[in-house]
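Colleague: Input structure-v3.pdb, format and content: PDB, C-alpha atoms, pLDDT in the B column.
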ATOM      1  CA  MET L 384     -80.633 -23.097  85.144  1.00 48.00           C
ATOM      2  CA  ILE L 385     -78.447 -21.146  87.546  1.00 50.00           C
ATOM      3  CA  LEU L 386     -75.273 -22.602  86.045  1.00 50.00           C
ATOM      4  CA  GLY L 387     -76.448 -21.651  82.563  1.00 50.00           C
ATOM      5  CA  PHE L 388     -77.127 -18.130  83.733  1.00 51.00           C
ATOM      6  CA  ARG L 389     -73.723 -17.834  85.433  1.00 54.00           C
ATOM      7  CA  ALA L 390     -71.822 -19.085  82.381  1.00 55.00           C
ATOM      8  CA  ARG L 391     -73.370 -16.375  80.244  1.00 61.00           C
ATOM      9  CA  SER L 392     -72.929 -13.647  82.828  1.00 72.00           C
ATOM     10  CA  PRO L 393     -71.258 -10.576  81.304  1.00 75.00           C
ATOM     11  CA  GLY L 394     -69.484  -9.961  84.616  1.00 79.00           C
ATOM     12  CA  ARG L 395     -67.776 -13.365  84.452  1.00 80.00           C
ATOM     13  CA  SER L 396     -66.795 -12.805  80.820  1.00 83.00           C
ATOM     14  CA  ARG L 397     -65.234  -9.478  81.698  1.00 82.00           C
ATOM     15  CA  LEU L 398     -63.402 -11.060  84.620  1.00 82.00           C
ATOM     16  CA  ARG L 399     -62.092 -13.840  82.381  1.00 83.00           C
ATOM     17  CA  ALA L 400     -60.971 -11.279  79.777  1.00 81.00           C
ATOM     18  CA  LEU L 401     -59.230  -9.237  82.459  1.00 79.00           C
ATOM     19  CA  ARG L 402     -57.464 -12.337  83.786  1.00 80.00           C
ATOM     20  CA  GLU L 403     -56.299 -13.198  80.264  1.00 77.00           C
ATOM     21  CA  LEU L 404     -55.094  -9.635  79.710  1.00 72.00           C
ATOM     22  CA  TYR L 405     -53.185  -9.719  83.007  1.00 73.00           C
ATOM     23  CA  ARG L 406     -51.639 -13.082  82.117  1.00 70.00           C
ATOM     24  CA  CYS L 407     -50.499 -11.678  78.747  1.00 66.00           C
ATOM     25  CA  PHE L 408     -49.139  -8.512  80.349  1.00 66.00           C
ATOM     26  CA  VAL L 409     -47.158 -10.423  82.973  1.00 62.00           C
ATOM     27  CA  GLY L 410     -45.909 -12.911  80.371  1.00 67.00           C
ATOM     28  CA  GLU L 411     -44.632 -10.145  78.122  1.00 78.00           C
ATOM     29  CA  ASN L 412     -42.865  -8.343  80.942  1.00 85.00           C
ATOM     30  CA  THR L 413     -40.762 -11.106  82.413  1.00 94.00           C
ATOM     31  CA  PRO L 414     -37.000 -10.480  82.185  1.00 95.00           C
ATOM     32  CA  GLU L 415     -36.770 -13.315  79.635  1.00 95.00           C
ATOM     33  CA  ALA L 416     -39.458 -11.786  77.418  1.00 95.00           C
ATOM     34  CA  ARG L 417     -37.893  -8.323  77.672  1.00 95.00           C
ATOM     35  CA  GLY L 418     -34.474  -9.708  76.763  1.00 96.00           C
ATOM     36  CA  ARG L 419     -35.890 -11.596  73.817  1.00 96.00           C
ATOM     37  CA  ARG L 420     -37.725  -8.483  72.614  1.00 95.00           C
ATOM     38  CA  LEU L 421     -34.585  -6.343  72.881  1.00 96.00           C
ATOM     39  CA  LEU L 422     -32.605  -8.961  70.969  1.00 97.00           C
ATOM     40  CA  CYS L 423     -35.165  -9.057  68.151  1.00 96.00           C
ATOM     41  CA  GLU L 424     -35.141  -5.261  67.904  1.00 95.00           C
ATOM     42  CA  TRP L 425     -31.373  -5.271  67.291  1.00 97.00           C
ATOM     43  CA  LEU L 426     -31.099  -8.237  64.913  1.00 97.00           C
ATOM     44  CA  SER L 427     -30.998  -7.808  61.156  1.00 97.00           C
ATOM     45  CA  GLU L 428     -34.071  -9.007  59.298  1.00 96.00           C
ATOM     46  CA  GLU L 429     -32.225 -12.118  58.154  1.00 97.00           C
ATOM     47  CA  GLN L 430     -31.010 -12.896  61.675  1.00 97.00           C
ATOM     48  CA  ARG L 431     -34.475 -12.318  63.118  1.00 97.00           C
ATOM     49  CA  THR L 432     -36.074 -14.700  60.635  1.00 97.00           C
ATOM     50  CA  GLN L 433     -33.416 -17.316  61.357  1.00 97.00           C
ATOM     51  CA  PHE L 434     -33.888 -16.887  65.102  1.00 97.00           C
ATOM     52  CA  GLU L 435     -37.684 -17.172  64.917  1.00 96.00           C
ATOM     53  CA  GLU L 436     -37.407 -20.369  62.881  1.00 97.00           C
ATOM     54  CA  HIS L 437     -34.501 -22.112  64.603  1.00 96.00           C
ATOM     55  CA  GLN L 438     -33.812 -20.388  67.952  1.00 96.00           C
ATOM     56  CA  TYR L 439     -30.344 -19.427  66.690  1.00 97.00           C
ATOM     57  CA  PHE L 440     -28.830 -16.897  64.287  1.00 97.00           C
ATOM     58  CA  ASP L 441     -25.510 -16.451  62.504  1.00 97.00           C
ATOM     59  CA  VAL L 442     -23.081 -13.559  62.737  1.00 98.00           C
ATOM     60  CA  ILE L 443     -19.856 -12.816  60.858  1.00 97.00           C
ATOM     61  CA  GLY L 444     -16.789 -12.002  62.916  1.00 97.00           C
ATOM     62  CA  CYS L 445     -15.529  -8.535  62.011  1.00 97.00           C
ATOM     63  CA  ASP L 446     -11.829  -9.428  62.184  1.00 97.00           C
ATOM     64  CA  THR L 447     -11.576 -12.885  60.595  1.00 97.00           C
ATOM     65  CA  GLY L 448     -14.795 -13.194  58.590  1.00 97.00           C
ATOM     66  CA  THR L 449     -15.576 -16.421  60.456  1.00 97.00           C
ATOM     67  CA  ARG L 450     -19.248 -17.362  60.681  1.00 98.00           C
ATOM     68  CA  TYR L 451     -20.530 -18.039  64.202  1.00 98.00           C
ATOM     69  CA  ARG L 452     -23.863 -19.480  65.247  1.00 97.00           C
ATOM     70  CA  ILE L 453     -25.375 -18.100  68.446  1.00 98.00           C
ATOM     71  CA  HIS L 454     -27.922 -20.450  69.991  1.00 97.00           C
ATOM     72  CA  TYR L 455     -30.622 -19.494  72.497  1.00 97.00           C
ATOM     73  CA  GLY L 456     -28.957 -19.745  75.889  1.00 95.00           C
ATOM     74  CA  THR L 457     -26.499 -18.119  78.219  1.00 95.00           C
ATOM     75  CA  ALA L 458     -23.408 -20.349  78.148  1.00 92.00           C
ATOM     76  CA  ALA L 459     -21.549 -22.575  75.693  1.00 94.00           C
ATOM     77  CA  ASN L 460     -23.964 -21.365  73.011  1.00 96.00           C
ATOM     78  CA  VAL L 461     -21.587 -20.005  70.335  1.00 97.00           C
ATOM     79  CA  HIS L 462     -20.040 -22.225  67.652  1.00 97.00           C
ATOM     80  CA  GLU L 463     -17.987 -21.574  64.557  1.00 97.00           C
ATOM     81  CA  ILE L 464     -19.854 -22.738  61.457  1.00 96.00           C
ATOM     82  CA  SER L 465     -18.119 -24.037  58.354  1.00 93.00           C
ATOM     83  CA  GLU L 466     -19.223 -23.151  54.823  1.00 91.00           C
ATOM     84  CA  ALA L 467     -20.944 -26.543  54.767  1.00 92.00           C
ATOM     85  CA  GLY L 468     -22.913 -25.539  57.841  1.00 90.00           C
ATOM     86  CA  ILE L 469     -21.069 -27.917  60.184  1.00 92.00           C
ATOM     87  CA  ALA L 470     -20.564 -26.795  63.777  1.00 93.00           C
ATOM     88  CA  GLY L 471     -16.901 -26.378  64.689  1.00 94.00           C
ATOM     89  CA  MET L 472     -15.090 -25.067  67.736  1.00 95.00           C
ATOM     90  CA  GLY L 473     -17.267 -23.600  70.459  1.00 97.00           C
ATOM     91  CA  TRP L 474     -16.572 -20.336  72.250  1.00 97.00           C
ATOM     92  CA  CYS L 475     -17.910 -19.606  75.700  1.00 97.00           C
ATOM     93  CA  PHE L 476     -18.090 -15.954  76.712  1.00 97.00           C
ATOM     94  CA  LEU L 477     -20.866 -13.823  78.135  1.00 97.00           C
ATOM     95  CA  PRO L 478     -21.502 -10.501  79.822  1.00 97.00           C
ATOM     96  CA  SER L 479     -21.055 -10.618  83.579  1.00 96.00           C
ATOM     97  CA  GLY L 480     -24.054 -10.307  85.872  1.00 93.00           C
ATOM     98  CA  TYR L 481     -26.505 -13.174  85.312  1.00 92.00           C
ATOM     99  CA  LEU L 482     -28.357 -11.703  82.356  1.00 97.00           C
ATOM    100  CA  VAL L 483     -31.246 -13.376  80.537  1.00 97.00           C
ATOM    101  CA  PRO L 484     -30.606 -15.319  77.300  1.00 97.00           C
ATOM    102  CA  GLY L 485     -31.760 -12.544  74.935  1.00 98.00           C
ATOM    103  CA  ASP L 486     -29.368 -10.040  76.518  1.00 98.00           C
ATOM    104  CA  VAL L 487     -26.468 -12.508  76.516  1.00 98.00           C
ATOM    105  CA  MET L 488     -27.034 -13.347  72.842  1.00 98.00           C
ATOM    106  CA  LEU L 489     -27.226  -9.666  71.873  1.00 98.00           C
ATOM    107  CA  ALA L 490     -23.988  -8.884  73.699  1.00 98.00           C
ATOM    108  CA  GLN L 491     -22.344 -11.857  71.954  1.00 98.00           C
ATOM    109  CA  LYS L 492     -23.576 -10.643  68.554  1.00 98.00           C
ATOM    110  CA  ILE L 493     -22.300  -7.108  69.114  1.00 98.00           C
ATOM    111  CA  ALA L 494     -18.968  -8.343  70.448  1.00 98.00           C
ATOM    112  CA  LEU L 495     -18.341 -10.651  67.475  1.00 98.00           C
ATOM    113  CA  GLU L 496     -19.487  -8.083  64.910  1.00 97.00           C
ATOM    114  CA  THR L 497     -17.554  -5.158  66.354  1.00 97.00           C
ATOM    115  CA  ASN L 498     -14.586  -6.544  68.312  1.00 96.00           C
ATOM    116  CA  GLU L 499     -14.213 -10.240  67.533  1.00 97.00           C
ATOM    117  CA  THR L 500     -10.599 -10.555  68.648  1.00 97.00           C
ATOM    118  CA  ALA L 501     -11.267  -9.070  72.076  1.00 96.00           C
ATOM    119  CA  ALA L 502     -14.331 -11.280  72.572  1.00 97.00           C
ATOM    120  CA  LEU L 503     -12.414 -14.452  71.710  1.00 97.00           C
ATOM    121  CA  ALA L 504      -9.518 -13.365  73.916  1.00 97.00           C
ATOM    122  CA  VAL L 505     -11.679 -13.697  77.025  1.00 97.00           C
ATOM    123  CA  ALA L 506     -13.589 -16.776  75.805  1.00 97.00           C
ATOM    124  CA  ASN L 507     -13.022 -20.384  76.760  1.00 96.00           C
ATOM    125  CA  ARG L 508     -13.032 -22.828  73.874  1.00 95.00           C
ATOM    126  CA  PHE L 509     -14.864 -26.130  73.783  1.00 94.00           C
ATOM    127  CA  PRO L 510     -14.930 -28.852  71.130  1.00 92.00           C
ATOM    128  CA  PRO L 511     -17.663 -29.302  68.527  1.00 86.00           C
ATOM    129  CA  PRO L 512     -20.693 -31.429  69.392  1.00 77.00           C
ATOM    130  CA  GLY L 513     -19.879 -35.130  69.349  1.00 73.00           C
ATOM    131  CA  GLN L 514     -16.195 -34.708  70.132  1.00 66.00           C
ATOM    132  CA  SER L 515     -14.314 -34.766  73.419  1.00 54.00           C
ATOM    133  CA  THR L 516     -16.117 -33.149  76.301  1.00 50.00           C
ATOM    134  CA  HIS L 517     -12.802 -31.792  77.561  1.00 50.00           C
ATOM    135  CA  LEU L 518     -12.995 -28.018  77.905  1.00 50.00           C
ATOM    136  CA  TYR L 519     -10.127 -26.155  76.275  1.00 48.00           C
ATOM    137  CA  ARG L 520      -9.243 -23.179  78.385  1.00 48.00           C
ATOM    138  CA  ARG L 521      -7.365 -20.053  77.477  1.00 47.00           C
ATOM    139  CA  PRO L 522      -4.710 -19.518  76.204  1.00 44.00           C
ATOM    140  CA  PHE L 523      -4.798 -22.876  74.382  1.00 39.00           C
TER     141      PHE L 523
ATOM    142  CA  MET X1185     -36.315  11.547  72.616  1.00 94.00           C
ATOM    143  CA  ALA X1186     -33.115   9.535  72.922  1.00 96.00           C
ATOM    144  CA  THR X1187     -32.813   6.358  74.969  1.00 97.00           C
ATOM    145  CA  GLN X1188     -30.024   4.718  76.902  1.00 98.00           C
ATOM    146  CA  ILE X1189     -30.707   0.992  77.314  1.00 98.00           C
ATOM    147  CA  VAL X1190     -28.815  -0.750  80.076  1.00 98.00           C
ATOM    148  CA  MET X1191     -28.855  -4.547  80.223  1.00 98.00           C
ATOM    149  CA  ASP X1192     -29.547  -5.870  83.699  1.00 96.00           C
ATOM    150  CA  GLN X1193     -31.268  -8.716  85.531  1.00 94.00           C
ATOM    151  CA  THR X1194     -34.717  -7.307  84.708  1.00 94.00           C
ATOM    152  CA  GLY X1195     -33.918  -7.605  80.994  1.00 95.00           C
ATOM    153  CA  ASP X1196     -33.056  -3.959  80.560  1.00 96.00           C
ATOM    154  CA  THR X1197     -33.594  -0.551  82.088  1.00 97.00           C
ATOM    155  CA  ARG X1198     -34.311   2.367  79.775  1.00 97.00           C
ATOM    156  CA  HIS X1199     -33.409   5.995  80.432  1.00 98.00           C
ATOM    157  CA  GLU X1200     -35.009   8.479  78.062  1.00 97.00           C
ATOM    158  CA  PHE X1201     -33.794  12.028  77.635  1.00 97.00           C
ATOM    159  CA  ASP X1202     -34.493  14.991  75.417  1.00 97.00           C
ATOM    160  CA  PRO X1203     -31.355  15.785  73.400  1.00 96.00           C
ATOM    161  CA  ARG X1204     -32.444  19.473  73.284  1.00 96.00           C
ATOM    162  CA  ASN X1205     -32.471  19.702  77.063  1.00 97.00           C
ATOM    163  CA  ALA X1206     -28.964  20.584  78.248  1.00 97.00           C
ATOM    164  CA  GLU X1207     -29.582  19.363  81.785  1.00 97.00           C
ATOM    165  CA  ALA X1208     -30.919  16.016  80.573  1.00 97.00           C
ATOM    166  CA  VAL X1209     -28.005  15.645  78.177  1.00 97.00           C
ATOM    167  CA  ALA X1210     -25.558  16.290  81.005  1.00 98.00           C
ATOM    168  CA  ARG X1211     -27.228  13.582  83.106  1.00 98.00           C
ATOM    169  CA  ALA X1212     -27.110  11.168  80.160  1.00 98.00           C
ATOM    170  CA  GLU X1213     -23.429  11.931  79.563  1.00 98.00           C
ATOM    171  CA  LYS X1214     -22.696  11.338  83.255  1.00 98.00           C
ATOM    172  CA  ARG X1215     -24.507   7.977  83.044  1.00 98.00           C
ATOM    173  CA  PHE X1216     -22.506   7.091  79.931  1.00 98.00           C
ATOM    174  CA  MET X1217     -19.222   7.884  81.685  1.00 98.00           C
ATOM    175  CA  GLU X1218     -20.204   5.967  84.820  1.00 98.00           C
ATOM    176  CA  LEU X1219     -21.259   2.847  82.920  1.00 98.00           C
ATOM    177  CA  THR X1220     -18.287   2.725  80.558  1.00 98.00           C
ATOM    178  CA  GLY X1221     -16.051   3.537  83.520  1.00 97.00           C
ATOM    179  CA  VAL X1222     -17.067   0.314  85.261  1.00 97.00           C
ATOM    180  CA  GLY X1223     -16.600  -1.809  82.157  1.00 97.00           C
ATOM    181  CA  PHE X1224     -19.853  -1.591  80.233  1.00 98.00           C
ATOM    182  CA  THR X1225     -19.593  -1.515  76.452  1.00 98.00           C
ATOM    183  CA  ALA X1226     -21.686   1.069  74.627  1.00 98.00           C
ATOM    184  CA  ALA X1227     -23.090   0.422  71.162  1.00 98.00           C
ATOM    185  CA  VAL X1228     -25.413   2.179  68.760  1.00 97.00           C
ATOM    186  CA  ARG X1229     -27.400   0.946  65.785  1.00 93.00           C
ATOM    187  CA  THR X1230     -26.074   2.345  62.512  1.00 90.00           C
ATOM    188  CA  ALA X1231     -28.643   0.546  60.332  1.00 89.00           C
ATOM    189  CA  PRO X1232     -31.191  -2.220  60.897  1.00 88.00           C
ATOM    190  CA  GLY X1233     -29.173  -5.112  62.321  1.00 89.00           C
ATOM    191  CA  GLU X1234     -25.874  -3.198  62.088  1.00 91.00           C
ATOM    192  CA  VAL X1235     -24.177  -2.131  65.264  1.00 95.00           C
ATOM    193  CA  SER X1236     -21.185   0.010  66.076  1.00 95.00           C
ATOM    194  CA  LYS X1237     -19.303   0.339  69.352  1.00 96.00           C
ATOM    195  CA  VAL X1238     -18.924   3.855  70.660  1.00 96.00           C
ATOM    196  CA  GLN X1239     -16.164   5.170  72.893  1.00 95.00           C
ATOM    197  CA  SER X1240     -17.625   8.591  73.645  1.00 97.00           C
ATOM    198  CA  PHE X1241     -21.036   9.996  74.438  1.00 97.00           C
ATOM    199  CA  ASP X1242     -23.121  10.961  71.412  1.00 95.00           C
ATOM    200  CA  PRO X1243     -26.202  12.997  72.382  1.00 93.00           C
ATOM    201  CA  THR X1244     -27.622  12.627  68.869  1.00 93.00           C
ATOM    202  CA  ALA X1245     -27.733   8.813  69.025  1.00 95.00           C
ATOM    203  CA  LYS X1246     -31.364   7.700  69.123  1.00 95.00           C
ATOM    204  CA  GLU X1247     -30.545   4.555  71.103  1.00 96.00           C
ATOM    205  CA  THR X1248     -27.396   3.602  72.967  1.00 97.00           C
ATOM    206  CA  LEU X1249     -27.137   0.098  74.378  1.00 98.00           C
ATOM    207  CA  PHE X1250     -24.898  -0.829  77.299  1.00 98.00           C
ATOM    208  CA  TYR X1251     -23.850  -4.350  78.218  1.00 98.00           C
ATOM    209  CA  PRO X1252     -21.560  -5.459  81.043  1.00 98.00           C
ATOM    210  CA  ARG X1253     -17.941  -6.527  80.608  1.00 97.00           C
ATOM    211  CA  LEU X1254     -17.479  -9.850  78.821  1.00 97.00           C
ATOM    212  CA  VAL X1255     -16.009 -12.790  80.709  1.00 97.00           C
ATOM    213  CA  GLY X1256     -15.130 -16.345  79.760  1.00 94.00           C
ATOM    214  CA  GLY X1257     -17.837 -18.863  80.577  1.00 85.00           C
TER     215      GLY X1257
END
Could you render the structure from this file as structure tokens?
Modeller:
Amino acid sequence: MILGFRARSPGRSRLRALRELYRCFVGENTPEARGRRLLCEWLSEEQRTQFEEHQYFDVIGCDTGTRYRIHYGTAANVHEISEAGIAGMGWCFLPSGYLVPGDVMLAQKIALETNETAALAVANRFPPPGQSTHLYRRPF
Amino acid sequence: MATQIVMDQTGDTRHEFDPRNAEAVARAEKRFMELTGVGFTAAVRTAPGEVSKVQSFDPTAKETLFYPRLVGG
């Protein structure tokens, strides 16, 4: 009887709703969530759709026209993509300062779309998935 | 209002200013110079999904994004 009364108590419902609201608020304001939100704001519609479906998006290098795929992550997450959609050489570069994945990916997008040559000049190269794990370092 | 968005370990920090307020614009320009002076890259959105790097402060830009210097990983 008492348990039944307590379960229906409006006070408990309000408390539960407040807890849920707080959990949502905290979840949406973590650095990771903020970075992801910023990234989505700056992606094109096509890139945003691709990212929501696959956790990666493609960009076209402004200097060479090469297609790159930027995966969710902060390191070793950029690969050249052939016309057949096959992952090629990887490029590892990121903004300094231990940023969250969304921020890193946005900086990588902007760098490749606006100053590809400079971005690749600082990057370390690594082989496509399934090939040697040896890391190719600049200026190879 | 215009916004300067600076990437950092919290995700980002946003600084809003009124482009019609000369004092606020001066503060924003100072921030722009300080950030780019220590290696940050500044970029603005020219269209949805299209981005352009900027070398000088533009008080009319609605949003300017700053990210730290790129390094090899």
Colleague: Name the closest residue to Thr1244 of chain X among the candidates X:Ala1226, X:Val1209, X:Ile1189, X:Ala1231; distances are taken between atoms, counting only C-alpha atoms.
Modeller: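 Closest to Thr1244 of chain X, using only C-alpha atoms: X:Val1209.
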Colleague: Give the residues of chain L that lie within 8 Å of chain X; count only C-alpha atoms, and format the answer as a ChimeraX atom specification.
Modeller: /L:413-418,425-428,458-459,475-483,486,490,493,496-497,502,505-507
Colleague: Which distance in Å separates atom CA of Gly468 of chain L and atom CA of Lys492 of chain L, to one decimal?
Modeller: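 Separating atom CA of Gly468 of chain L from atom CA of Lys492 of chain L is a distance of 18.4 Å.
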Colleague: Which is closer to Leu422 of chain L than all the others in L:Ile453, L:Ala501, L:Val461, L:Met472, using only C-alpha atoms?
Modeller: L:Ile453
Colleague: Give as a PyMOL selection string the residues that the PyMOL selection byres ((chain L and resi 511) around 10) matches when applied to the coordinates above.
Modeller: chain L and resi 462-464+469-474+508-510+512-516
Colleague: Set the distance at 9 Å and use only C-alpha atoms: which residues neighbour Gln430 of chain L once local chain neighbours fewer than 3 positions away are removed? I'd like the list as a list of chain:residue names.
Modeller: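 The residues that qualify are L:Cys423, L:Leu426, L:Ser427, L:Gln433, L:Phe434, L:Glu435, L:Tyr439, L:Phe440, L:Asp441, L:Val442, X:Gly1233.
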Colleague: What is the atom CA of Ser1240 of chain X-atom CA of Thr1220 of chain X distance in Å, reported with one decimal?
Modeller: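 Between atom CA of Ser1240 of chain X and atom CA of Thr1220 of chain X the gap is 9.1 Å.
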Colleague: Just give me the gap between atom CA of Arg1198 of chain X and atom CA of Thr1248 of chain X in Å, one decimal is fine.
Modeller: 9.8 Å
Colleague: Taking the file as shown, what set of residues would the PyMOL selection byres ((chain X and resi 1185) around 12) give back, as a PDB file with C-alpha atoms, in the coordinates of the input?
Modeller:
ATOM      1  CA  ALA X1186     -33.115   9.535  72.922  1.00 96.00           C
ATOM      2  CA  THR X1187     -32.813   6.358  74.969  1.00 97.00           C
ATOM      3  CA  GLN X1188     -30.024   4.718  76.902  1.00 98.00           C
ATOM      4  CA  ARG X1198     -34.311   2.367  79.775  1.00 97.00           C
ATOM      5  CA  HIS X1199     -33.409   5.995  80.432  1.00 98.00           C
ATOM      6  CA  GLU X1200     -35.009   8.479  78.062  1.00 97.00           C
ATOM      7  CA  PHE X1201     -33.794  12.028  77.635  1.00 97.00           C
ATOM      8  CA  ASP X1202     -34.493  14.991  75.417  1.00 97.00           C
ATOM      9  CA  PRO X1203     -31.355  15.785  73.400  1.00 96.00           C
ATOM     10  CA  ARG X1204     -32.444  19.473  73.284  1.00 96.00           C
ATOM     11  CA  ASN X1205     -32.471  19.702  77.063  1.00 97.00           C
ATOM     12  CA  ALA X1208     -30.919  16.016  80.573  1.00 97.00           C
ATOM     13  CA  VAL X1209     -28.005  15.645  78.177  1.00 97.00           C
ATOM     14  CA  ALA X1212     -27.110  11.168  80.160  1.00 98.00           C
ATOM     15  CA  PRO X1243     -26.202  12.997  72.382  1.00 93.00           C
ATOM     16  CA  THR X1244     -27.622  12.627  68.869  1.00 93.00           C
ATOM     17  CA  ALA X1245     -27.733   8.813  69.025  1.00 95.00           C
ATOM     18  CA  LYS X1246     -31.364   7.700  69.123  1.00 95.00           C
ATOM     19  CA  GLU X1247     -30.545   4.555  71.103  1.00 96.00           C
ATOM     20  CA  THR X1248     -27.396   3.602  72.967  1.00 97.00           C
TER      21      THR X1248
END
Colleague: Would you mind completing segment 464-481 of chain L so that it carries N, CA and C atoms, and writing it out as an mmCIF file, keeping the file's coordinate frame?
Modeller:
data_model
loop_
_atom_site.group_PDB
_atom_site.id
_atom_site.type_symbol
_atom_site.label_atom_id
_atom_site.label_comp_id
_atom_site.auth_asym_id
_atom_site.auth_seq_id
_atom_site.Cartn_x
_atom_site.Cartn_y
_atom_site.Cartn_z
ATOM 1 N N ILE L 464 -19.097 -21.957 62.445
ATOM 2 C CA ILE L 464 -19.854 -22.738 61.457
ATOM 3 C C ILE L 464 -19.067 -22.748 60.151
ATOM 4 N N SER L 465 -18.854 -23.936 59.618
ATOM 5 C CA SER L 465 -18.119 -24.037 58.354
ATOM 6 C C SER L 465 -19.029 -23.635 57.192
ATOM 7 N N GLU L 466 -18.415 -23.512 56.004
ATOM 8 C CA GLU L 466 -19.223 -23.151 54.823
ATOM 9 C C GLU L 466 -20.278 -24.211 54.543
ATOM 10 N N ALA L 467 -19.976 -25.453 54.965
ATOM 11 C CA ALA L 467 -20.944 -26.543 54.767
ATOM 12 C C ALA L 467 -22.020 -26.547 55.853
ATOM 13 N N GLY L 468 -21.904 -25.629 56.787
ATOM 14 C CA GLY L 468 -22.913 -25.539 57.841
ATOM 15 C C GLY L 468 -22.648 -26.466 59.014
ATOM 16 N N ILE L 469 -21.412 -26.992 59.106
ATOM 17 C CA ILE L 469 -21.069 -27.917 60.184
ATOM 18 C C ILE L 469 -20.534 -27.121 61.382
ATOM 19 N N ALA L 470 -21.014 -27.479 62.566
ATOM 20 C CA ALA L 470 -20.564 -26.795 63.777
ATOM 21 C C ALA L 470 -19.122 -27.167 64.097
ATOM 22 N N GLY L 471 -18.299 -26.143 64.334
ATOM 23 C CA GLY L 471 -16.901 -26.378 64.689
ATOM 24 C C GLY L 471 -16.652 -26.008 66.138
ATOM 25 N N MET L 472 -15.497 -25.433 66.379
ATOM 26 C CA MET L 472 -15.090 -25.067 67.736
ATOM 27 C C MET L 472 -16.144 -24.181 68.407
ATOM 28 N N GLY L 473 -16.344 -24.429 69.702
ATOM 29 C CA GLY L 473 -17.267 -23.600 70.459
ATOM 30 C C GLY L 473 -16.525 -22.548 71.258
ATOM 31 N N TRP L 474 -17.172 -21.435 71.489
ATOM 32 C CA TRP L 474 -16.572 -20.336 72.250
ATOM 33 C C TRP L 474 -17.541 -19.946 73.357
ATOM 34 N N CYS L 475 -17.041 -19.937 74.571
ATOM 35 C CA CYS L 475 -17.910 -19.606 75.700
ATOM 36 C C CYS L 475 -17.505 -18.270 76.320
ATOM 37 N N PHE L 476 -18.303 -17.267 76.103
ATOM 38 C CA PHE L 476 -18.090 -15.954 76.712
ATOM 39 C C PHE L 476 -19.453 -15.295 76.879
ATOM 40 N N LEU L 477 -19.576 -14.449 77.849
ATOM 41 C CA LEU L 477 -20.866 -13.823 78.135
ATOM 42 C C LEU L 477 -20.655 -12.571 78.970
ATOM 43 N N PRO L 478 -21.620 -11.671 78.954
ATOM 44 C CA PRO L 478 -21.502 -10.501 79.822
ATOM 45 C C PRO L 478 -21.678 -10.912 81.286
ATOM 46 N N SER L 479 -20.950 -10.273 82.170
ATOM 47 C CA SER L 479 -21.055 -10.618 83.579
ATOM 48 C C SER L 479 -22.406 -10.153 84.134
ATOM 49 N N GLY L 480 -22.873 -10.825 85.178
ATOM 50 C CA GLY L 480 -24.054 -10.307 85.872
ATOM 51 C C GLY L 480 -25.341 -11.074 85.728
ATOM 52 N N TYR L 481 -25.301 -12.329 85.347
ATOM 53 C CA TYR L 481 -26.505 -13.174 85.312
ATOM 54 C C TYR L 481 -27.631 -12.550 84.482
#
